[in-house]
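One structure is given below, encoded as structure tokens.
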Amino acid sequence: MKAGWTISAVLHAGVLAWGLVAFATRPLNAPPPEFLSTDIISAADFSQITQGVRTAPKAEAPKPLVEKIGDDKPVENPTAKVVDKPEIVATADQAQPKPEPEKKAEPKPPTQPPAKPEPKQAFAKEPEPKVDPIAEALKKDNKPEKKPEKKAETPAPQKKVEPPKPQPKFDATRIAALLDKRDPQRRAATGSTLSSTPSLGTETGRAATLTQNELDALRARLRQCWNVPVGLADARDLVVTVRIQFKQDGSLVGEPRVMNSASHPAFQVASESALRAIRSCAPYSFLPVAKYEAWKDVIVDFDPRDMFRG
Amino acid sequence: MTVTLQSPLGFTRRRLLALGAASASLLASSAFAQVRLDVTQGNVAPLVIAIPDFVGGTPGDAEVARGISQVITANLRRSGLFAPIDPAAFIEKITSFDTFPRFPDWKAINAQALVTGRVTRQADGRLKVEFRLWDVSSGQQLTGQQYFTSPDNWRRIAHIVSDAAYERLTGEKGYFDTRVVFIDETGAKERRVKRLAIMDQDGANVRYLTRGEDLVLTPRFSPSTQEITYMSYGQGDPRVFLLNIETGQREIVGNFPGMTFSPRFSPTGQQVIMSLQQGPNSNIFAMDLQSKRTTRLTDTAAIDTAPCYAPDGANICFESDRGGRPQIYVMPASGGQAKRISFGDGSYSTPVWSPRGDFIAFTKQGGGQFAIGIMKPDGSGERLLTSGYHNEGPTFAPNGRVLMFFRDPGGAGGPSLYSVDVTGRNEQKIPTPAFASDPAWSPLLS
């Protein structure tokens, strides 16, 4: 009896112990979740991002980027190769002449890591009109010593087109040196005007544009005040465009003006109803004073299309 | 009869100059508008309007002047599109017609529009009625007219002024200067006396056109407004009659064997379209009133009745049970293929085409209820405006925005007239001296 108890206890304990080890230590076999990085932006941010100014003239070409104001030294042809590069002189003794970038680019073997050489080719052939500040910084750092080394190493063997092509070794530490090949833009770094952004902008910049909420508030207020005449029920495409100018306290500057006209018989009634709505709702004191520049001059289209549907 | 009034003090010209200067300066300082937004919805709230008593010349005229203001107020309020302000709230008392109202006083009571007017008696005994409609927010005169009329005709002037204000503020033609012909019903239910009667659209000036010996039904206005066509049971079969409102002259339309009923004028007033019963069937005929020539438009072994012209006269709609139960059909006015347009449950009858052409109104019977509804002429967009124990006989106001019909609540009572918007809103009972049925709305009188 006692032996039976003992055996039972030992066996049970054994089973339990085995179970603990066998099950508990096995990791859960859940696949690791894949993360998708997202940014949460508000509707206001989105409307700012996507917003443009309809009346802005189309910019033909970006202004050359200029870091310092100085004598205007435009580059006649920014894509042209720079022939005289006196400052780039090898410090070490260098027997071979400097090779042409094109030749060097041709026979590049496909076995190289794909990412790095490609930009290099591109830079060598067609310098972009803008200067990459990072590249500039790298260039300054690495100019004196690394450049000649690389020159000596990579292009030289390739010039002789021989069957056993020596593979140019890719050295990750010399990326900067590779990038250093580009320099034609240095001469455009001074100009008569300092330009940091090539696009047309408002005086106050983006920060003062109205957010969707404030636009909605203005729209809701006008909607509330607009008593749509029933005669507009048949006028499907009757839109009245009114320009409103506000003072800083939200009151009106002069009379709102109807900007368009139509031959529809109800147009006069429609435009008067729109003007009545604007006047009777003034002042619009809920508009934020801080953004006055953005709402001091507003164009509103009064269009009753949602009123008489169906 | 009507003369457009100049604004006092050369107001318009000054205003224009000021506006021109303002816009020039705007252009000069022109900065681009930064924000553009669209407002695609608005309010359907009634427009708040103030109608102070017109200024009267003599004490006698003051009575008329007040009456005119009251009629205008009642008209605009009944339309459902205006909210006249209670005169007790007025701050300024208008004492002169030739000076500007004090607009801040009217703005203070939320008035959006203001009607001022004056009544003066002329040397020849006629009344001169002038009015101006003001936009309170801008202080601009929207319209102004003057009318001359005999003193007992002042209600019509009030209706005309109402139409002018209505049209100027809503962009729709008005419908106040109109009349309604209807069947006046008096006496106990078993011995009802039915007389043809006519009144202003607001229920005033009721006049009886028949004495009540004969049963009269389905009166309809001619577009010329001087004539009415209706059906009457005299001795024998029912007949379609023509009646001149002014002269009282009466004549039978056509000389058909069997009974004729549900007559209606063509939009030109030159023809009358009606049904003629032949045996168990009835078909639709049109008769030219000048030549008395009759054209048969349908020829079916069914009951085709209640014909009605489209406002352009190109098509007719009518009711037919050729498909089993009464439904509405549309066909060319010269005859031809009829196309069924009503497909809902129940049966459809008494179709009538809106003067605007956009809807056909009908009576729909089903589930023990009678409803008044409208649908587009192609049969789409069916919408019931009112429903109940018994509603029947819709007729459109000349602007096509309001319908009148009669409603019988059942029991011991009798029918009365109601009006309702094509939106189904603003149902109103029309005051009549007794029970009333079968209304027909006239075109605008002026």
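Lettering and numbering for the structure tokens are positional, with chains as A, B, ... in the shown order, residues counted from 1 in each chain, and ligands counted from 1 in the shown order.
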Considering only C-alpha atoms, give me a table of residues in chain B that are at most 7 Å from chain A, with the closest atom pair and distance in Å for each, as a tab-separated table.
residue	atom	partner	partner_atom	distance
B:Phe32	CA	A:Thr55	CA	7.0
B:Ala33	CA	A:Asp297	CA	5.0
B:Gln34	CA	A:Ala294	CA	6.0
B:Val35	CA	A:Val298	CA	5.0
B:Arg36	CA	A:Ile299	CA	4.6
B:Leu37	CA	A:Val300	CA	5.0
B:Asp38	CA	A:Asp301	CA	4.4
B:Val39	CA	A:Phe302	CA	4.9
B:Thr40	CA	A:Asp303	CA	4.7
B:Gln41	CA	A:Pro304	CA	5.4
B:Gly42	CA	A:Arg223	CA	4.6
B:Asn43	CA	A:Asn227	CA	4.7
B:Val44	CA	A:Asn227	CA	5.9
B:Ala45	CA	A:Asn227	CA	6.4
B:Leu47	CA	A:Asn227	CA	7.0
B:Ser137	CA	A:Arg276	CA	6.3
B:Arg168	CA	A:Val269	CA	6.7
B:Leu169	CA	A:Val269	CA	6.2
B:Thr170	CA	A:Pro229	CA	4.6
B:Gly171	CA	A:Gly231	CA	4.3
B:Glu172	CA	A:Gly231	CA	4.7
Do a neighbour search on Ala88 (chain B) at 12 Å with only C-alpha atoms, toss out local chain neighbours closer than 2 positions, and write the hits as a PyMOL selection string. chain B and resi 50-53+84-86+90-93+109
Can you write out the residues you just picked, keeping N, CA and C atoms, as an mmCIF file, in the first residue's frame?
data_model
loop_
_atom_site.group_PDB
_atom_site.id
_atom_site.type_symbol
_atom_site.label_atom_id
_atom_site.label_comp_id
_atom_site.auth_asym_id
_atom_site.auth_seq_id
_atom_site.Cartn_x
_atom_site.Cartn_y
_atom_site.Cartn_z
ATOM 1 N N ALA B 50 -41.730 92.846 -42.387
ATOM 2 C CA ALA B 50 -42.569 93.784 -41.631
ATOM 3 C C ALA B 50 -43.455 94.524 -42.612
ATOM 4 N N ILE B 51 -44.745 94.556 -42.325
ATOM 5 C CA ILE B 51 -45.696 95.225 -43.205
ATOM 6 C C ILE B 51 -46.510 96.207 -42.370
ATOM 7 N N PRO B 52 -45.935 97.371 -42.073
ATOM 8 C CA PRO B 52 -46.696 98.362 -41.308
ATOM 9 C C PRO B 52 -47.867 98.877 -42.136
ATOM 10 N N ASP B 53 -48.864 99.444 -41.436
ATOM 11 C CA ASP B 53 -50.034 99.960 -42.143
ATOM 12 C C ASP B 53 -49.613 100.990 -43.180
ATOM 13 N N PRO B 84 -44.498 87.336 -41.166
ATOM 14 C CA PRO B 84 -44.754 88.748 -40.877
ATOM 15 C C PRO B 84 -44.635 89.014 -39.376
ATOM 16 N N ILE B 85 -44.054 90.155 -39.050
ATOM 17 C CA ILE B 85 -43.854 90.521 -37.645
ATOM 18 C C ILE B 85 -45.139 91.150 -37.109
ATOM 19 N N ASP B 86 -45.445 90.822 -35.888
ATOM 20 C CA ASP B 86 -46.597 91.425 -35.217
ATOM 21 C C ASP B 86 -46.409 92.946 -35.156
ATOM 22 N N PHE B 90 -43.348 96.770 -33.723
ATOM 23 C CA PHE B 90 -42.698 97.794 -34.548
ATOM 24 C C PHE B 90 -42.189 98.937 -33.684
ATOM 25 N N ILE B 91 -40.985 99.418 -33.973
ATOM 26 C CA ILE B 91 -40.418 100.546 -33.237
ATOM 27 C C ILE B 91 -40.771 101.844 -33.952
ATOM 28 N N GLU B 92 -40.528 101.863 -35.257
ATOM 29 C CA GLU B 92 -40.833 103.072 -36.011
ATOM 30 C C GLU B 92 -42.252 103.002 -36.534
ATOM 31 N N LYS B 93 -42.945 104.112 -36.419
ATOM 32 C CA LYS B 93 -44.256 104.186 -37.060
ATOM 33 C C LYS B 93 -44.069 104.942 -38.366
ATOM 34 N N ILE B 109 -35.726 94.605 -34.889
ATOM 35 C CA ILE B 109 -36.761 93.577 -34.678
ATOM 36 C C ILE B 109 -36.598 92.446 -35.688
#
Any idea what's packed within 7 Å of region 391-403 of chain B, counting only C-alpha atoms, ignoring anything in its chain fewer than 6 positions away? Could you give it as a short mmCIF file (atom, residue, chain, number, x, y, z; two decimals) with N, CA and C atoms, in the first residue's frame?
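Saved to around.cif:
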data_model
loop_
_atom_site.label_atom_id
_atom_site.label_comp_id
_atom_site.auth_asym_id
_atom_site.auth_seq_id
_atom_site.Cartn_x
_atom_site.Cartn_y
_atom_site.Cartn_z
N LYS B 173 -43.12 83.32 -59.43
CA LYS B 173 -44.32 84.11 -59.66
C LYS B 173 -45.26 83.94 -58.46
N GLY B 174 -46.02 84.98 -58.21
CA GLY B 174 -46.97 84.90 -57.11
C GLY B 174 -48.24 84.18 -57.53
N TYR B 175 -49.18 84.06 -56.60
CA TYR B 175 -50.46 83.41 -56.94
C TYR B 175 -51.60 84.01 -56.13
N THR B 350 -57.94 61.44 -61.07
CA THR B 350 -57.94 62.91 -61.18
C THR B 350 -56.55 63.51 -61.41
N VAL B 352 -53.74 65.93 -62.76
CA VAL B 352 -53.73 67.32 -63.23
C VAL B 352 -52.28 67.77 -63.36
N SER B 354 -49.20 70.27 -63.63
CA SER B 354 -48.83 71.56 -63.05
C SER B 354 -48.65 72.61 -64.15
N PRO B 355 -49.05 73.85 -63.92
CA PRO B 355 -48.85 74.90 -64.92
C PRO B 355 -47.37 75.09 -65.24
N ARG B 356 -46.51 74.64 -64.34
CA ARG B 356 -45.09 74.75 -64.56
C ARG B 356 -44.58 73.56 -65.38
N ALA B 361 -50.23 66.07 -60.49
CA ALA B 361 -50.83 65.77 -59.19
C ALA B 361 -51.97 64.78 -59.41
N PHE B 362 -52.28 64.02 -58.37
CA PHE B 362 -53.30 62.97 -58.52
C PHE B 362 -53.92 62.67 -57.17
N THR B 363 -55.04 61.95 -57.22
CA THR B 363 -55.62 61.37 -56.04
C THR B 363 -55.27 59.89 -56.06
N PHE B 370 -57.45 57.96 -48.90
CA PHE B 370 -57.32 58.77 -50.10
C PHE B 370 -56.19 59.75 -49.87
N ALA B 371 -55.26 59.76 -50.78
CA ALA B 371 -54.12 60.66 -50.63
C ALA B 371 -54.02 61.57 -51.83
N ILE B 372 -53.43 62.75 -51.60
CA ILE B 372 -53.09 63.66 -52.69
C ILE B 372 -51.58 63.54 -52.88
N SER B 419 -55.16 73.86 -48.72
CA SER B 419 -54.04 74.05 -49.64
C SER B 419 -52.79 73.46 -49.00
N VAL B 420 -51.87 73.04 -49.84
CA VAL B 420 -50.62 72.45 -49.36
C VAL B 420 -49.53 72.75 -50.39
N ASP B 421 -48.30 72.92 -49.92
CA ASP B 421 -47.17 73.15 -50.82
C ASP B 421 -46.83 71.86 -51.56
N VAL B 422 -46.14 71.97 -52.69
CA VAL B 422 -45.69 70.76 -53.39
C VAL B 422 -44.67 70.00 -52.56
N ASP B 438 -64.37 70.23 -54.74
CA ASP B 438 -64.02 70.40 -56.16
C ASP B 438 -63.45 71.78 -56.51
N PRO B 439 -62.38 72.20 -55.86
CA PRO B 439 -61.85 73.52 -56.17
C PRO B 439 -61.11 73.51 -57.51
N ALA B 440 -61.08 74.66 -58.16
CA ALA B 440 -60.27 74.83 -59.37
C ALA B 440 -59.66 76.22 -59.31
N TRP B 441 -58.35 76.27 -59.44
CA TRP B 441 -57.62 77.52 -59.26
C TRP B 441 -57.53 78.24 -60.59
N PRO B 443 -55.94 81.07 -63.34
CA PRO B 443 -54.63 81.67 -63.60
C PRO B 443 -54.56 83.04 -62.90
N LEU B 444 -53.41 83.66 -62.96
CA LEU B 444 -53.28 85.02 -62.42
C LEU B 444 -54.21 85.95 -63.19
#
Could you list, as a ChimeraX atom specification, every residue within 8 Å of region 320-333 of chain B, counting only C-alpha atoms and ignoring same-chain residues fewer than 6 positions away? /B:297,300-305,309,313-314,339-343,347-349,351,377
Take the residues from that selection and put them in a file with C-alpha atoms, as a PDB file, in the first residue's frame.
ATOM      1  CA  LEU B 297     -58.390  60.656 -78.776  1.00  0.00           C
ATOM      2  CA  THR B 300     -60.525  51.415 -75.839  1.00  0.00           C
ATOM      3  CA  ALA B 301     -62.836  48.977 -74.190  1.00  0.00           C
ATOM      4  CA  ALA B 302     -62.139  50.618 -70.865  1.00  0.00           C
ATOM      5  CA  ILE B 303     -63.015  53.697 -68.878  1.00  0.00           C
ATOM      6  CA  ASP B 304     -60.751  56.559 -69.960  1.00  0.00           C
ATOM      7  CA  THR B 305     -61.564  59.750 -68.132  1.00  0.00           C
ATOM      8  CA  TYR B 309     -53.418  68.976 -70.902  1.00  0.00           C
ATOM      9  CA  GLY B 313     -50.463  71.522 -74.961  1.00  0.00           C
ATOM     10  CA  ALA B 314     -48.360  68.763 -76.515  1.00  0.00           C
ATOM     11  CA  LYS B 339     -47.907  55.327 -71.750  1.00  0.00           C
ATOM     12  CA  ARG B 340     -48.729  54.315 -68.241  1.00  0.00           C
ATOM     13  CA  ILE B 341     -46.848  56.391 -65.654  1.00  0.00           C
ATOM     14  CA  SER B 342     -48.315  55.316 -62.301  1.00  0.00           C
ATOM     15  CA  PHE B 343     -47.216  51.983 -60.905  1.00  0.00           C
ATOM     16  CA  SER B 347     -55.523  53.223 -57.884  1.00  0.00           C
ATOM     17  CA  TYR B 348     -54.785  56.674 -59.224  1.00  0.00           C
ATOM     18  CA  SER B 349     -57.297  59.210 -60.434  1.00  0.00           C
ATOM     19  CA  PRO B 351     -54.539  63.664 -62.690  1.00  0.00           C
ATOM     20  CA  PRO B 377     -44.606  63.480 -65.868  1.00  0.00           C
TER      21      PRO B 377
END
Enumerate as a VMD selection string all residues of region 159-332 of chain B assigned to strand (DSSP E or B) by DSSP on the backbone, naming them with the chain letters and numbers the document uses. chain B and resid 179 to 186 193 to 200 207 to 208 215 to 221 227 to 233 238 to 244 250 to 252 260 to 265 271 to 278 281 to 288 294 to 296 303 to 309 315 to 320 327 to 332
